[in-house]
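See structure below.
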Amino acid sequence: MPKVRTTYVCRECGAESSQWFGKCPSCGTYGSLEEQLSQPTASTAPASDRRHRAKADKNRPAQARAARHLDAIASDRQARFSSGYQEFDRVLGGGLVPGSLVLIGGDPGIGKSTLLLQTARAIAAERSILYVCAEESGQQVKLRATRLGVTATDPAIATNLYLLPEIGLEVILAELEALRPAVAVIDSIQALYFSALTSAPGSVAQVRECTAALMRVAKQLGIVLLIVGHVTKEGAIAGPRVLEHLVDTVLYFEGDRYAAHRLLRSVKNRFGATHEIGIFEMGDRGLDEVLNPSRLFLGNTDDPAPGTAAVVACEGTRPLVVELQALVSPTSYASPRRSATGASYNRLQQILAVLEKRVGIPLSKLDAYVAAAGGMAVEEPATDLGIAIAIVASFRDRVVDPRTVLIGEVGLGGQVRLVSQLELRLKEAAKLGFRRAIVPQGQSLPTDLGLELIPVSKAIDAIVAALPATEKPTRTAGN
Ligand code: TYD
Ligand code: MG
């Protein structure tokens, strides 16, 4: 085997040097040099290298390289199987695909290990699974497993679930070859160590090379790899973005530390749609699926507060009814404060400007806060109308009928714009007992949902419909 040497490559400009510098000699960025193997592995090799290799491969049998008709390619390797959780399967696009790599990112302590251990138990009912615990000792994992009720007294678990407390990449690869499990969990990729590199576990070079090596083995043996990745302060999975390019699917496991529910969100998926979400709830005995989640994000509809409005956000193919709350009050600062929790800050600013200019509501001297209930993040434009109505309701100190849901994007001219998947959203609202929906005009409307539909073309019309001027406002904030 040729001697493996390392070089240093700048993350910013790509310049290479044989020595490490604190500052890149080429572009001057500090701390951007990363260790890299000088003999790149196939997956990380530059295109020119691959061309050389292709030339050397001339002796291969002709069929191996020949283009084939789509129908001639066997698809049986693509047969998906279930992770044991409907919510997880939905985010994956319908289950696990043999030979695929799934990266699961999330803040420490959010429940990634818990999710994967529970998934391991479910998978072990039918298939073999190797759980590599690189961060915790076997005993620690056993303790958690006992808490989750994953015990070896279950015959399927006794025969199918293997634990490997190990950080050495070579050992893990050898174990994958020997066991050939259907699924392998790597918890976590930042804890793995490849001895050919001198940098510490968790460095960009280690993370990249370990992922590339695992991928080669997994693709070759048709093993599903579920890889845990920690998230940096900026919110990206630690390691270069190349990691996200390497894997087939990138999921984020997220949630409010103070709330019990957790969202599994797909941000990249070669085998399904992105923006799908799966919802779980963390309890004393691990995670439970939440199959009817909208209730989590609705407040008390019997006693509605002024400044709340219900919207239907669509996350992938899943509609979610979420309650938005707004509060506007006179500012005591030179420039008013604006804050959006679980909603888009920029959209809030835009909606405030539209309400001021197009509807004539004087908001520029008022602080404005918008929050989504239950720690849910709704950044979709279709929730604009809900934000606008919640702000106006707070301004007028009025209550929006809690059985009315608002759907529509608000344009800069104050017009209400069309949204996607309107029927799906309306069905969800009807299912949850809403009676009225204010929707964009000009969109084809379903008739048999048992909802009174009010099409509007301008934000001002939506305000009139949602907050009819039948009664005098009790109090006007801002005066
Ligand atoms: P963990 O899966 O270790 O998180 P990660 O792998 O993402 O770092 O989850 C740890 C948190 O979950 C910890 O704060 C305790 C909590 N937890 C429960 O509330 N209930 C449970 O049954 C388990 C196993 C953990
Ligand atoms: Mg963990």
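Labels for the structure tokens follow display order: chains A, B, ..., residues from 1 in each chain, ligands from 1.
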Show which residues sit within 8 Å of A:Leu453, as a list in words. Count only C-alpha atoms, and ignore same-chain residues fewer than 5 positions away.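 Listing them by chain and then by number gives Arg436, Ala437, Ile438 and Val439 of chain A.
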Contacts of A:Arg347 at 12 Å or less, counting only C-alpha atoms, minus same-chain residues fewer than 4 places along, as a list in words?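 The neighbour list is Arg338, Ser339, Ala340, Thr341, Gly342, Ala343, Ile351, Leu352, Ala353, Val354, Val370, Val378, Glu379, Glu380, Pro381, Ala382, Thr383, Asp384, Leu385, Gly386, Ile387, Ala388, Glu409, Val410, Gly411 and Leu412 of chain A.
With distances restricted to only C-alpha atoms and all ligand atoms, A:Ile227 is the closest residue to ligand 1 from A:Val97, A:Ile227, A:Ile167, A:Ala200.
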Check every protein, DNA and RNA residue against ligand 2, keep those with an atom at most 7 Å away (counting only C-alpha atoms and all ligand atoms), and present them as a list of chain:residue names.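 With only C-alpha atoms and all ligand atoms and a cut-off of 7 Å, ligand 2 is contacted by A:Pro108, A:Gly109, A:Gly111, A:Lys112, A:Ser113, A:Asp187.
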For A:Gly272, please output as a compact mmCIF listing (two decimals) with N, CA and C atoms, in the first residue's frame all residues within 10 Å (counting only C-alpha atoms; exclusion window: fewer than 6 positions along the same chain).
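And here is the file that came out, result.txt:
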# COMPACT_ATOMS: atom_id res chain seq x y z
N ARG A 90 -42.12 8.67 6.83
CA ARG A 90 -42.65 9.77 6.03
C ARG A 90 -41.52 10.73 5.63
N VAL A 91 -40.66 11.05 6.60
CA VAL A 91 -39.57 11.99 6.33
C VAL A 91 -38.57 11.39 5.34
N LEU A 92 -38.41 10.07 5.41
CA LEU A 92 -37.48 9.40 4.50
C LEU A 92 -38.05 9.26 3.10
N GLY A 93 -39.33 9.57 2.95
CA GLY A 93 -39.97 9.44 1.64
C GLY A 93 -40.58 8.05 1.46
N GLY A 94 -40.85 7.37 2.58
CA GLY A 94 -41.54 6.07 2.49
C GLY A 94 -40.74 4.90 3.03
N GLY A 95 -39.70 5.16 3.77
CA GLY A 95 -38.94 4.06 4.38
C GLY A 95 -37.47 4.14 4.03
N THR A 249 -29.46 11.50 2.09
CA THR A 249 -30.56 12.17 2.80
C THR A 249 -29.99 12.92 4.00
N SER A 266 -36.68 16.88 6.81
CA SER A 266 -35.72 16.51 5.77
C SER A 266 -35.33 17.75 4.99
Kindly provide, as a list in words, all nucleotide and amino acid residues lying within 7 Å of ligand 1, counting only C-alpha atoms and all ligand atoms. Gly106, Asp107, Pro108, Gly109, Ile110, Gly111, Lys112, Ser113, Thr114, Leu115, Arg144, Arg147, Leu148, Met282, Gly283, Asp284, Arg285, Gly286 and Leu287 of chain A
One-decimal distance in Å that lies between atom CA of A:Ala393 and atom CA of A:Asp461: 14.0 Å
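In the backbone-derived DSSP annotation, strand (DSSP E or B) within stretch 375-460 of chain A comprises Val378, Thr404, Val405, Leu406, Glu409, Val410, Gln415, Val416, Arg417, Arg436, Ala437, Ile438, Val439, Pro440, Glu452, Leu453, Ile454, Pro455, Val456 and Lys458 of chain A.
Between atom CA of A:Ala368 and atom CA of A:Val405 the interatomic distance comes to 21.4 Å.
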Using only C-alpha atoms, find the one residue out of A:Val359, A:Leu432, A:Ala196, A:Leu445 that sits nearest to A:Ile460. A:Val359
Would you pick out the contacts of A:Pro181 at 10 Å or less, using only C-alpha atoms, so that residues sharing its chain but fewer than 6 positions from it are not included, and give the list as a ChimeraX atom specification? /A:127-131,160-162,175,218,221-225
Write to file, as a PDB file, in the first residue's frame, the residues of the selection just made, with C-alpha atoms.
ATOM      1  CA  ARG A 127     -33.484  -7.370  10.264  1.00  0.00           C
ATOM      2  CA  SER A 128     -29.999  -7.287  11.683  1.00  0.00           C
ATOM      3  CA  ILE A 129     -28.690  -3.934  12.842  1.00  0.00           C
ATOM      4  CA  LEU A 130     -25.315  -2.754  14.130  1.00  0.00           C
ATOM      5  CA  TYR A 131     -25.322   0.189  16.532  1.00  0.00           C
ATOM      6  CA  ASN A 160     -30.501  -9.054  15.617  1.00  0.00           C
ATOM      7  CA  LEU A 161     -29.209  -6.035  17.542  1.00  0.00           C
ATOM      8  CA  TYR A 162     -25.436  -5.664  17.856  1.00  0.00           C
ATOM      9  CA  GLU A 175     -17.230  -5.266  11.550  1.00  0.00           C
ATOM     10  CA  ALA A 218     -22.359   0.661   2.696  1.00  0.00           C
ATOM     11  CA  LEU A 221     -22.914  -4.216   0.732  1.00  0.00           C
ATOM     12  CA  GLY A 222     -26.330  -2.541   0.478  1.00  0.00           C
ATOM     13  CA  ILE A 223     -26.286  -1.466   4.124  1.00  0.00           C
ATOM     14  CA  VAL A 224     -28.435   1.474   5.235  1.00  0.00           C
ATOM     15  CA  LEU A 225     -26.221   3.847   7.185  1.00  0.00           C
TER      16      LEU A 225
END
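The shortest atom-to-atom distance to A:Ala326, with only C-alpha atoms taken into account, belongs to A:Asp397 out of A:Asp302, A:Glu135, A:Asp288, A:Asp397.
For the residues A:Arg262, A:Arg318, A:Arg11, A:His245, ranking by smallest atom-to-atom distance to A:Thr274 using only C-alpha atoms places A:Arg318 first.
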Write out as JSON, numbers by chain each polymer residue whose atoms come within 9 Å of A:Ile172, counting only C-alpha atoms; drop sequence neighbours fewer than 6 positions from it. {"A": [132, 164, 166, 214]}
So the first atom is atom CA of A:Ala124 and the second is atom CA of A:Glu281; what is the distance between them in Å, to one decimal place? 22.2 Å
